[in-house]
$ cat query-v6.txt   # compact mmCIF, C-alpha atoms and all ligand atoms
# COMPACT_ATOMS: atom_id res chain seq x y z
CA MET A 175 0.00 0.00 0.00
CA SER A 176 1.31 3.44 -0.86
CA SER A 177 2.78 5.32 2.07
CA SER A 178 1.11 8.53 0.84
CA LYS A 179 -2.27 7.04 1.73
CA VAL A 180 -3.99 8.45 4.83
CA LEU A 181 -5.91 6.42 7.41
CA VAL A 182 -8.70 8.42 9.06
CA VAL A 183 -9.91 6.88 12.31
CA GLY A 184 -13.47 7.99 13.09
CA GLY A 185 -16.28 8.86 10.69
CA GLY A 186 -17.73 11.82 12.55
CA ILE A 187 -17.69 15.41 11.33
CA ALA A 188 -13.87 15.75 11.47
CA GLY A 189 -13.16 12.39 9.82
CA LEU A 190 -15.67 12.74 7.00
CA ALA A 191 -14.68 16.37 6.33
CA LEU A 192 -11.02 15.34 6.20
CA ALA A 193 -11.77 12.50 3.81
CA VAL A 194 -13.66 14.86 1.49
CA ALA A 195 -10.92 17.50 1.71
CA LEU A 196 -8.18 14.96 0.93
CA ARG A 197 -10.04 13.22 -1.89
CA ARG A 198 -10.76 16.57 -3.54
CA ARG A 199 -6.98 16.96 -3.68
CA ALA A 200 -6.56 13.40 -4.99
CA VAL A 201 -4.99 12.01 -1.79
CA ALA A 202 -5.94 8.36 -1.14
CA VAL A 203 -7.99 7.86 2.06
CA ASP A 204 -9.39 4.98 4.10
CA ILE A 205 -11.83 5.67 6.95
CA VAL A 206 -12.48 3.23 9.78
CA GLU A 207 -15.47 3.92 12.02
CA LEU A 208 -16.08 2.06 15.27
CA GLN A 209 -19.88 1.98 15.06
CA PRO A 210 -21.24 -0.88 12.97
CA ARG A 211 -24.06 1.43 11.81
CA TRP A 212 -24.09 5.22 11.53
CA ASN A 213 -25.52 6.51 14.78
CA VAL A 214 -26.14 10.26 14.59
CA LEU A 215 -28.07 12.21 17.22
CA GLY A 216 -31.43 13.56 16.02
CA VAL A 217 -30.97 17.21 16.99
CA GLY A 218 -29.61 20.21 15.13
CA ILE A 219 -26.25 21.97 15.03
CA SER A 220 -25.26 25.55 14.16
CA LEU A 221 -22.83 26.24 11.36
CA THR A 222 -21.53 29.74 12.03
CA GLY A 223 -19.69 31.87 9.44
CA PRO A 224 -16.23 30.28 9.84
CA THR A 225 -17.80 26.80 9.66
CA LEU A 226 -19.68 27.71 6.47
CA ARG A 227 -16.46 29.12 5.02
CA ALA A 228 -14.66 25.84 5.77
CA LEU A 229 -17.54 23.85 4.24
CA ALA A 230 -17.32 26.08 1.16
CA ALA A 231 -13.62 25.21 0.87
CA ILE A 232 -14.56 21.53 0.43
CA GLY A 233 -17.53 22.22 -1.83
CA LEU A 234 -20.25 21.52 0.72
CA LEU A 235 -21.70 24.96 1.45
CA GLU A 236 -24.59 24.72 -1.02
CA PRO A 237 -25.97 21.32 0.11
CA CYS A 238 -25.85 22.45 3.76
CA ILE A 239 -27.71 25.66 2.95
CA ALA A 240 -30.24 23.72 0.87
CA THR A 241 -31.02 21.36 3.76
CA GLY A 242 -30.62 23.65 6.75
CA PHE A 243 -32.12 26.97 7.82
CA GLY A 244 -30.14 30.18 7.30
CA PHE A 245 -30.22 33.38 9.36
CA ASP A 246 -28.05 36.41 10.15
CA ARG A 247 -28.96 37.35 13.67
CA ILE A 248 -29.17 35.78 17.13
CA LEU A 249 -31.72 37.35 19.47
CA PHE A 250 -31.25 37.45 23.25
CA ALA A 251 -34.04 37.96 25.77
CA ASP A 252 -34.73 37.68 29.48
CA ALA A 253 -36.72 34.84 31.02
CA GLY A 254 -39.98 36.60 30.16
CA GLY A 255 -39.05 36.92 26.49
CA ARG A 256 -38.26 40.66 26.67
CA PRO A 257 -35.41 41.54 24.25
CA VAL A 258 -32.05 42.37 25.86
CA GLY A 259 -29.77 42.37 22.81
CA SER A 260 -28.80 40.78 19.55
CA LEU A 261 -25.75 39.57 17.66
CA ASP A 262 -25.48 40.32 13.96
CA MET A 263 -23.32 37.58 12.52
CA PRO A 264 -21.08 38.47 9.54
CA ARG A 265 -21.79 36.90 6.13
CA LEU A 266 -18.33 35.40 5.70
CA CYS A 267 -19.15 33.45 2.51
CA GLY A 268 -20.41 36.45 0.57
CA PRO A 269 -23.55 38.59 0.50
CA GLN A 270 -25.58 35.89 -1.27
CA TYR A 271 -25.20 33.40 1.62
CA PRO A 272 -26.64 33.58 5.14
CA ALA A 273 -24.27 34.33 8.03
CA THR A 274 -25.23 31.18 9.93
CA VAL A 275 -27.04 27.96 9.05
CA ALA A 276 -28.54 25.51 11.52
CA ILE A 277 -28.97 21.98 10.21
CA GLY A 278 -30.05 18.61 11.57
CA ARG A 279 -27.04 16.56 12.63
CA SER A 280 -28.26 13.66 10.55
CA ALA A 281 -28.71 15.96 7.52
CA LEU A 282 -25.14 17.25 7.93
CA HIS A 283 -23.92 13.68 8.26
CA GLU A 284 -25.73 12.74 5.02
CA VAL A 285 -24.06 15.63 3.19
CA LEU A 286 -20.61 14.63 4.49
CA VAL A 287 -20.90 10.87 4.00
CA HIS A 288 -22.38 11.26 0.52
CA ALA A 289 -19.49 13.54 -0.51
CA ALA A 290 -16.84 11.27 1.07
CA ARG A 291 -18.19 8.28 -0.89
CA GLU A 292 -18.70 10.26 -4.09
CA PHE A 293 -15.07 11.41 -4.02
CA GLY A 294 -13.88 7.85 -3.48
CA ALA A 295 -13.00 7.50 0.22
CA ALA A 296 -13.19 3.87 1.34
CA ILE A 297 -15.31 3.66 4.52
CA THR A 298 -15.28 0.58 6.75
CA LEU A 299 -17.83 0.50 9.57
CA GLY A 300 -17.52 -1.54 12.77
CA THR A 301 -13.72 -1.32 12.74
CA THR A 302 -11.07 0.44 14.76
CA VAL A 303 -7.32 0.63 15.11
CA MET A 304 -5.61 -1.72 17.57
CA ALA A 305 -1.92 -0.87 17.16
CA LEU A 306 0.25 1.75 15.48
CA GLN A 307 3.95 1.32 14.76
CA PRO A 308 6.19 3.96 13.15
CA GLN A 309 8.16 2.51 10.22
CA GLY A 310 10.40 5.01 8.42
CA ASP A 311 8.18 7.37 6.41
CA ALA A 312 5.08 5.33 7.20
CA VAL A 313 2.95 3.99 10.05
CA GLU A 314 2.21 0.26 10.27
CA VAL A 315 -1.39 -0.22 11.41
CA GLU A 316 -3.23 -3.20 12.84
CA LEU A 317 -7.02 -2.98 12.62
CA SER A 318 -9.64 -4.77 14.72
CA ASP A 319 -10.69 -6.90 11.71
CA GLY A 320 -7.17 -8.32 11.58
CA THR A 321 -6.03 -6.21 8.61
CA ARG A 322 -2.45 -4.93 8.66
CA ALA A 323 -1.51 -2.04 6.41
CA SER A 324 0.95 0.78 5.95
CA TYR A 325 -0.10 4.44 5.76
CA GLY A 326 1.74 7.70 5.20
CA PHE A 327 -0.27 9.35 7.97
CA VAL A 328 -2.82 8.20 10.56
CA VAL A 329 -5.29 10.86 11.69
CA GLY A 330 -7.34 10.28 14.83
CA CYS A 331 -10.76 11.88 14.30
CA ASP A 332 -12.23 9.68 17.00
CA GLY A 333 -13.63 12.24 19.41
CA ILE A 334 -13.06 13.18 23.02
CA HIS A 335 -12.17 9.63 24.13
CA SER A 336 -9.79 9.15 21.19
CA ALA A 337 -8.21 5.68 20.95
CA VAL A 338 -5.59 7.00 18.51
CA ARG A 339 -4.53 9.59 21.08
CA GLY A 340 -4.28 6.82 23.68
CA LEU A 341 -2.05 4.75 21.39
CA ALA A 342 0.25 7.57 20.26
CA PHE A 343 0.55 9.90 23.26
CA SER A 344 2.05 8.91 26.61
CA GLU A 345 0.59 11.78 28.66
CA VAL A 346 -2.81 13.27 28.03
CA PRO A 347 -4.57 15.68 30.42
CA GLU A 348 -8.03 14.74 31.67
CA ALA A 349 -11.06 16.41 30.09
CA ARG A 350 -12.44 19.05 32.44
CA PHE A 351 -16.02 18.81 33.69
CA THR A 352 -17.48 22.32 33.33
CA GLY A 353 -20.24 22.10 35.95
CA LEU A 354 -22.84 22.53 33.18
CA ALA A 355 -25.16 20.16 31.39
CA VAL A 356 -27.14 20.71 28.21
CA TRP A 357 -30.61 19.47 27.38
CA ARG A 358 -31.75 19.22 23.78
CA ALA A 359 -34.99 18.24 22.05
CA THR A 360 -36.35 18.58 18.52
CA MET A 361 -39.80 19.98 17.86
CA LYS A 362 -41.98 21.64 15.24
CA ARG A 363 -40.84 25.16 14.25
CA PRO A 364 -43.40 27.91 14.77
CA ALA A 365 -43.23 30.53 11.97
CA ALA A 366 -42.07 33.18 14.49
CA VAL A 367 -38.83 31.28 15.12
CA ASP A 368 -36.81 32.36 12.10
CA CYS A 369 -33.42 32.70 13.80
CA MET A 370 -31.70 31.46 16.95
CA GLN A 371 -33.24 32.94 20.10
CA VAL A 372 -31.67 32.72 23.56
CA PHE A 373 -33.38 33.35 26.90
CA TYR A 374 -31.49 34.03 30.12
CA GLY A 375 -33.48 32.63 33.05
CA PRO A 376 -32.87 32.79 36.81
CA ARG A 377 -31.38 29.26 36.94
CA THR A 378 -30.63 28.27 33.36
CA LYS A 379 -30.18 29.58 29.83
CA ALA A 380 -32.54 28.22 27.18
CA GLY A 381 -32.86 28.75 23.47
CA VAL A 382 -34.41 27.63 20.22
CA ASN A 383 -32.68 27.17 16.89
CA PRO A 384 -34.52 26.56 13.59
CA HIS A 385 -32.65 23.80 11.73
CA SER A 386 -35.01 23.16 8.82
CA ARG A 387 -38.15 24.68 7.34
CA ASP A 388 -40.29 22.50 9.63
CA GLU A 389 -38.18 21.86 12.72
CA MET A 390 -36.24 23.61 15.45
CA PHE A 391 -34.34 22.32 18.44
CA LEU A 392 -34.57 23.46 22.02
CA PHE A 393 -31.42 23.72 24.11
CA LEU A 394 -31.23 24.43 27.81
CA VAL A 395 -27.97 24.86 29.70
CA GLN A 396 -28.11 24.05 33.41
CA PRO A 397 -25.47 24.40 36.15
CA ILE A 398 -25.04 21.00 37.84
CA GLY A 399 -22.97 19.61 40.70
CA ASP A 400 -21.68 16.42 39.11
CA ASP A 401 -21.54 14.70 35.75
CA ARG A 402 -23.96 11.86 36.53
CA ARG A 403 -26.31 10.75 33.76
CA LEU A 404 -30.05 11.02 34.49
CA PRO A 405 -32.57 8.18 34.45
CA PRO A 406 -34.15 8.33 30.96
CA GLU A 407 -37.68 7.87 32.33
CA ARG A 408 -37.40 11.09 34.39
CA MET A 409 -35.84 13.29 31.73
CA ARG A 410 -39.01 14.68 30.18
CA LEU A 411 -40.38 15.66 33.58
CA LEU A 412 -37.12 17.23 34.72
CA LEU A 413 -36.83 19.28 31.53
CA ARG A 414 -40.41 20.51 31.79
CA GLU A 415 -39.72 21.59 35.35
CA GLN A 416 -36.73 23.69 34.17
CA LEU A 417 -38.84 25.27 31.45
CA GLU A 418 -41.29 26.67 34.04
CA ASP A 419 -38.85 29.57 34.56
CA PHE A 420 -39.60 30.98 31.12
CA GLY A 421 -42.44 33.14 29.83
CA GLY A 422 -43.14 34.75 26.44
CA ASP A 423 -44.70 33.24 23.31
CA VAL A 424 -41.72 31.24 22.06
CA MET A 425 -41.04 29.44 25.32
CA ALA A 426 -44.77 28.93 25.93
CA ASP A 427 -44.85 27.12 22.60
CA VAL A 428 -41.82 25.05 23.63
CA ARG A 429 -43.49 24.10 26.92
CA ALA A 430 -46.63 23.09 25.07
CA HIS A 431 -44.75 20.81 22.66
CA VAL A 432 -41.83 19.41 24.63
CA ALA A 433 -43.90 16.41 25.72
CA ASP A 434 -44.19 15.38 22.05
CA ALA A 435 -40.46 15.65 21.29
CA PRO A 436 -39.29 12.31 19.85
CA SER A 437 -36.42 12.18 22.35
CA ILE A 438 -34.72 14.24 25.02
CA ASP A 439 -30.94 14.42 25.08
CA TYR A 440 -29.16 15.38 28.30
CA ARG A 441 -25.41 15.53 28.66
CA PRO A 442 -22.95 16.97 31.18
CA MET A 443 -20.41 19.10 29.33
CA ASN A 444 -16.66 18.64 29.28
CA SER A 445 -13.91 20.74 27.86
CA PHE A 446 -10.56 19.46 26.64
CA LEU A 447 -7.48 20.92 24.98
CA LEU A 448 -4.56 18.68 24.07
CA PRO A 449 -1.34 20.66 24.53
CA SER A 450 0.55 21.36 21.30
CA PRO A 451 1.72 19.47 19.30
CA TRP A 452 -1.16 17.17 18.36
CA HIS A 453 1.16 14.78 16.54
CA ARG A 454 3.66 12.08 17.33
CA GLY A 455 5.65 11.14 14.26
CA ARG A 456 3.13 10.61 11.45
CA VAL A 457 0.17 10.12 13.78
CA LEU A 458 -1.96 13.11 14.71
CA VAL A 459 -5.35 13.91 16.16
CA ILE A 460 -7.80 16.60 15.07
CA GLY A 461 -11.37 17.65 15.91
CA ASP A 462 -12.71 16.79 19.34
CA ALA A 463 -9.84 14.33 19.85
CA ALA A 464 -7.56 17.39 20.11
CA HIS A 465 -9.97 20.11 21.29
CA THR A 466 -13.42 19.55 22.73
CA THR A 467 -15.41 22.68 23.40
CA THR A 468 -18.73 23.33 25.08
CA PRO A 469 -21.28 24.68 22.58
CA HIS A 470 -21.21 28.27 23.89
CA LEU A 471 -19.84 29.56 20.58
CA ALA A 472 -21.46 26.79 18.48
CA THR A 473 -18.10 26.27 16.84
CA GLY A 474 -16.68 22.84 17.87
CA ALA A 475 -17.65 21.19 14.61
CA GLY A 476 -16.47 24.31 12.81
CA MET A 477 -13.00 23.91 14.28
CA ALA A 478 -13.02 20.22 13.30
CA ILE A 479 -13.89 21.08 9.69
CA GLU A 480 -11.27 23.84 9.62
CA ASP A 481 -8.67 21.33 10.92
CA ALA A 482 -9.61 19.07 8.02
CA VAL A 483 -9.33 21.86 5.43
CA VAL A 484 -5.90 23.04 6.64
CA LEU A 485 -4.50 19.52 7.05
CA ALA A 486 -5.61 18.44 3.58
CA GLU A 487 -4.09 21.57 2.06
CA LEU A 488 -0.72 20.89 3.72
CA LEU A 489 -0.71 17.13 3.12
CA ALA A 490 -1.58 17.48 -0.54
CA ALA A 491 1.06 20.15 -1.10
CA GLU A 492 4.03 18.33 0.42
CA PRO A 493 3.16 14.99 2.05
CA SER A 494 6.67 14.12 3.15
CA ALA A 495 7.98 17.54 4.07
CA PRO A 496 9.52 17.73 7.52
CA GLY A 497 7.77 20.33 9.62
CA LEU A 498 4.45 19.92 7.80
CA LEU A 499 2.67 19.00 11.00
CA ASP A 500 4.34 21.88 12.84
CA ARG A 501 2.95 24.22 10.22
CA PHE A 502 -0.43 22.63 10.85
CA MET A 503 -0.09 23.41 14.56
CA ALA A 504 0.98 26.98 13.82
CA ARG A 505 -2.28 27.51 11.94
CA ARG A 506 -4.58 25.62 14.30
CA PHE A 507 -3.56 25.67 17.95
CA ALA A 508 -4.19 29.29 18.99
CA ARG A 509 -7.49 29.39 17.14
CA CYS A 510 -8.83 26.19 18.71
CA ARG A 511 -7.58 27.28 22.15
CA LEU A 512 -9.47 30.57 21.70
CA VAL A 513 -12.70 28.64 21.12
CA VAL A 514 -12.22 26.15 23.97
CA GLU A 515 -11.18 28.78 26.53
CA THR A 516 -13.77 31.39 25.55
CA ALA A 517 -16.54 28.80 25.68
CA VAL A 518 -15.50 27.81 29.21
CA LYS A 519 -15.46 31.49 30.18
CA LEU A 520 -18.95 32.05 28.78
CA GLY A 521 -20.14 29.04 30.78
CA GLU A 522 -18.63 30.48 33.95
CA MET A 523 -20.33 33.81 33.26
CA GLU A 524 -23.66 32.02 32.88
CA LYS A 525 -23.30 30.53 36.35
CA ASP A 526 -22.97 34.04 37.82
CA THR A 527 -26.38 35.55 37.19
CA THR A 528 -25.19 38.99 38.38
CA ILE A 529 -23.16 39.39 35.17
CA PRO A 530 -25.24 41.38 32.65
CA VAL A 531 -26.14 39.67 29.37
CA GLN A 532 -24.41 42.57 27.57
CA ALA A 533 -21.06 41.30 28.90
CA HIS A 534 -21.75 37.86 27.35
CA LEU A 535 -22.62 39.50 24.05
CA GLU A 536 -19.47 41.64 24.04
CA LEU A 537 -17.29 38.58 24.57
CA MET A 538 -19.12 36.63 21.85
CA ARG A 539 -18.93 39.56 19.44
CA ALA A 540 -15.19 40.00 20.01
CA THR A 541 -14.54 36.25 19.61
CA PHE A 542 -16.59 35.92 16.42
CA ARG A 543 -14.70 38.92 15.04
CA ARG A 544 -11.40 37.07 15.63
CA LEU A 545 -12.80 33.81 14.23
CA GLY A 546 -13.76 35.68 11.07
CA GLU A 547 -10.07 36.17 10.26
CA PRO A 548 -8.67 33.92 7.51
CA ILE A 549 -7.42 30.51 8.65
C1 LIG B 1 -24.42 19.68 23.19
C2 LIG B 1 -23.49 20.01 22.07
C3 LIG B 1 -23.87 20.95 21.12
C4 LIG B 1 -22.99 21.30 20.10
N1 LIG B 1 -23.36 22.23 19.19
C5 LIG B 1 -22.49 22.61 18.22
C6 LIG B 1 -22.85 23.59 17.26
O1 LIG B 1 -23.96 24.11 17.28
N2 LIG B 1 -21.94 23.93 16.31
C7 LIG B 1 -20.69 23.35 16.24
O2 LIG B 1 -19.89 23.72 15.35
N3 LIG B 1 -20.33 22.41 17.14
C8 LIG B 1 -21.19 22.01 18.11
N4 LIG B 1 -20.83 21.05 19.01
C9 LIG B 1 -19.52 20.41 18.89
C10 LIG B 1 -19.49 19.31 17.84
O3 LIG B 1 -20.56 18.40 18.03
C11 LIG B 1 -18.18 18.56 17.90
O4 LIG B 1 -17.11 19.47 17.97
C12 LIG B 1 -18.01 17.66 16.69
O5 LIG B 1 -19.03 16.68 16.67
C13 LIG B 1 -16.65 17.01 16.70
O6 LIG B 1 -16.55 16.12 15.64
P1 LIG B 1 -15.47 14.96 15.67
O7 LIG B 1 -15.65 14.25 14.39
O8 LIG B 1 -14.14 15.52 16.02
O9 LIG B 1 -15.86 14.03 16.90
P2 LIG B 1 -17.16 13.16 17.12
O10 LIG B 1 -18.36 13.87 16.67
O11 LIG B 1 -17.10 12.67 18.53
O12 LIG B 1 -16.97 11.90 16.14
C14 LIG B 1 -16.04 10.88 16.42
C15 LIG B 1 -16.32 9.70 15.54
O13 LIG B 1 -15.33 8.71 15.77
C16 LIG B 1 -15.94 7.47 16.05
N5 LIG B 1 -15.05 6.73 16.95
C17 LIG B 1 -14.92 6.88 18.28
N6 LIG B 1 -13.97 6.05 18.75
C18 LIG B 1 -13.49 5.38 17.67
C19 LIG B 1 -12.50 4.38 17.50
N7 LIG B 1 -11.81 3.92 18.53
N8 LIG B 1 -12.27 3.90 16.26
C20 LIG B 1 -12.97 4.36 15.18
N9 LIG B 1 -13.93 5.29 15.29
C21 LIG B 1 -14.17 5.80 16.51
C22 LIG B 1 -17.28 7.83 16.66
O14 LIG B 1 -18.20 6.75 16.57
C23 LIG B 1 -17.66 9.03 15.82
O15 LIG B 1 -18.28 8.65 14.62
C24 LIG B 1 -21.69 20.68 20.03
C25 LIG B 1 -21.33 19.73 20.97
C26 LIG B 1 -22.22 19.40 21.99
C27 LIG B 1 -21.79 18.38 23.02
$ encode --input "query-v6.txt" --output "structure tokens"
Amino acid sequence: MSSSKVLVVGGGIAGLALAVALRRRAVAVDIVELQPRWNVLGVGISLTGPTLRALAAIGLLEPCIATGFGFDRILFADAGGRPVGSLDMPRLCGPQYPATVAIGRSALHEVLVHAAREFGAAITLGTTVMALQPQGDAVEVELSDGTRASYGFVVGCDGIHSAVRGLAFSEVPEARFTGLAVWRATMKRPAAVDCMQVFYGPRTKAGVNPHSRDEMFLFLVQPIGDDRRLPPERMRLLLREQLEDFGGDVMADVRAHVADAPSIDYRPMNSFLLPSPWHRGRVLVIGDAAHTTTPHLATGAGMAIEDAVVLAELLAAEPSAPGLLDRFMARRFARCRLVVETAVKLGEMEKDTTIPVQAHLELMRATFRRLGEPI
């Protein structure tokens, strides 16, 4: 097998985006994905300007816009639904495209997996990597199906609990529990919800995000003492109890329909930043395996897609050049750290209800301005 071929471990957003980015530049790619069947959560995700710009770089802006719901502004209100501010998001992809698109996670997955296959990435489900051994300009790989092969690079796109990171790195810091959990549920979109709306309540922050013509998703961020999971049979009741804090038409509609949501997702939130560099020899990790952020800037997937775009550009240009991965770090580390650290800070600010919402908005505005810079 050619040593210029890349093995991508993990078929999530980072792995599929990397496969598309590499195949578009004619680099050979295999993907192995642990799950025997695709298993994508049925809620939505925001693609902010930098994320849309990165998707445009791999030719996937149009299909995401076609499937998702575009808007330019995020509205902020108090618990009663009274407006307290707004964020105008910049149209980074040009005046003809919306500043932000929300899309169902499964719809985004369909776009990515379709493109990866169309461009010729080989995807093997139900398989992972068992061992990695550096061998000159290549990495010898043993897979869980018994296959042994040689690759020019191995890229761990296998999320916060990355197995690749575990195999290649001797010391990895623990992910940090943020003291926050997020609830999410999908429901019918009322016509009035035509952009993301966020409500700051006395105990929690809630919001709605339209991710298709017909649907929106609710999110609610709650300070919690520990990262225990909740009994599934109590989740609906517990979420409804949290929603009692909120008034106004939008949240009244949410309260009326949350009982019909197909499922309720609840997860304690962790934050993780792997110190630089994210590579050992010809093995590296990107996406959540290197930097896991809370969703306060709705940009974790965006950073994963940007990682993929930059890595593919460098790998295609000079696959054996020494220092290539250092150049990757020079373009990625500070930017991903900005997202991870600012998101933690916004979470901390949410826990202190004496901090005015305007201070949150100022920090978000300043961070989005920096993230709008070229990558
Ligand atoms: C509540 C919440 C809301 C969010 N909202 C947004 C948002 O609005 N906008 C945004 O940009 N980001 C958002 N994010 C962040 C975003 O979801 C992640 O940053 C993104 O999913 C990271 O993609 P990834 O491919 O790196 O990792 P993952 O999504 O974790 O994918 C990893 C993949 O690797 C596979 N895998 C795992 N282990 C192995 C193994 N050993 N071998 C092979 N395969 C393996 C997994 O099955 C999976 O398919 C949010 C995150 C959370 C938690």
$ closest_residue --input "query-v6.txt" --among "A:Gly223, A:Pro384, A:Gly330, A:Gly320" --to "Gly185 (chain A)" --atoms "only C-alpha atoms"
A:Gly330
$ residues_near_ligand --input "query-v6.txt" --ligand "ligand LIG 1 (chain B)" --cutoff "7 Å" --atoms "all atoms listed in the file" --output "ChimeraX atom specification"
/A:183-189,206-209,219-221,225,301-303,331-338,356,441,443,460-463,466-469,472-478
$ closest_residue --input "query-v6.txt" --among "A:Asp526, A:Glu487, A:Asp500, A:Asp252" --to "Tyr374 (chain A)" --atoms "all atoms listed in the file"
A:Asp252
$ closest_residue --input "query-v6.txt" --among "A:Leu229, A:Leu306, A:Met370, A:Val182" --to "Phe393 (chain A)" --atoms "all atoms listed in the file"
A:Met370
$ closest_residue --input "query-v6.txt" --among "A:Leu181, A:Asp439, A:Ala430, A:Pro308" --to "Met409 (chain A)" --atoms "all atoms listed in the file"
A:Asp439
$ residues_around --input "query-v6.txt" --residues "Arg410 (chain A)" --least-positions-apart "2" --cutoff "7 Å" --atoms "only C-alpha atoms" --output "list in words"
Arg408, Leu412, Leu413, Arg414, Ala433 and Ile438 of chain A
$ write_last_selection --input "query-v6.txt" --atoms "C-alpha atoms" --output "CSV table (one decimal), in the coordinates of the input"
chain,number,residue,atom,x,y,z
A,408,ARG,CA,-37.4,11.1,34.4
A,412,LEU,CA,-37.1,17.2,34.7
A,413,LEU,CA,-36.8,19.3,31.5
A,414,ARG,CA,-40.4,20.5,31.8
A,433,ALA,CA,-43.9,16.4,25.7
A,438,ILE,CA,-34.7,14.2,25.0
$ closest_residue --input "query-v6.txt" --among "A:Gly375, A:Val514, A:Glu316, A:Arg256" --to "Thr528 (chain A)" --atoms "only C-alpha atoms"
A:Gly375
$ closest_residue --input "query-v6.txt" --among "A:Ile479, A:Leu417, A:Leu545, A:Ala464" --to "Arg339 (chain A)" --atoms "only C-alpha atoms"
A:Ala464
$ atom_distance --input "query-v6.txt" --atom1 "CA of Thr321 (chain A)" --atom2 "CA of Gly294 (chain A)"
20.1 Å
$ atom_distance --input "query-v6.txt" --atom1 "CA of Ala276 (chain A)" --atom2 "CA of His385 (chain A)"
4.5 Å
$ residues_around --input "query-v6.txt" --residues "Ala312 (chain A)" --least-positions-apart "6" --cutoff "8 Å" --atoms "all atoms listed in the file" --output "list in words"
Ser177, Ser324, Tyr325, Gly326, Phe327 and Arg456 of chain A
$ residues_near_point --input "query-v6.txt" --point "(-27.0, 27.7, 6.4)" --cutoff "8 Å" --atoms "only C-alpha atoms" --output "MDAnalysis selection string"
chainID A and resid 221 226 235 238:245 271:277
$ atom_distance --input "query-v6.txt" --atom1 "CA of Leu317 (chain A)" --atom2 "CA of Val459 (chain A)"
17.3 Å
$ residues_near_point --input "query-v6.txt" --point "(-44.8, 28.9, 23.3)" --cutoff "12 Å" --atoms "all atoms listed in the file" --output "list in words"
Gly254, Gly255, Met361, Lys362, Arg363, Pro364, Ala365, Ala366, Val367, Gly381, Val382, Leu392, Leu417, Glu418, Phe420, Gly421, Gly422, Asp423, Val424, Met425, Ala426, Asp427, Val428, Arg429, Ala430, His431 and Val432 of chain A
$ closest_atom_pairs --input "query-v6.txt" --of "region 310-428 of chain A" --to "region 520-525 of chain A" --cutoff "9 Å" --atoms "only C-alpha atoms" --output "tab-separated table"
residue	atom	partner	partner_atom	distance
A:Thr352	CA	A:Gly521	CA	7.7
A:Gly353	CA	A:Gly521	CA	8.7
A:Leu354	CA	A:Gly521	CA	7.4
A:Tyr374	CA	A:Glu524	CA	8.5
A:Arg377	CA	A:Lys525	CA	8.2
A:Thr378	CA	A:Glu524	CA	7.9
A:Lys379	CA	A:Glu524	CA	7.6
A:Val395	CA	A:Gly521	CA	8.9
A:Gln396	CA	A:Lys525	CA	8.6
A:Pro397	CA	A:Lys525	CA	6.5
$ residues_around --input "query-v6.txt" --residues "region 282-286 of chain A" --least-positions-apart "4" --cutoff "7 Å" --atoms "all atoms listed in the file" --output "count of residues only"
7
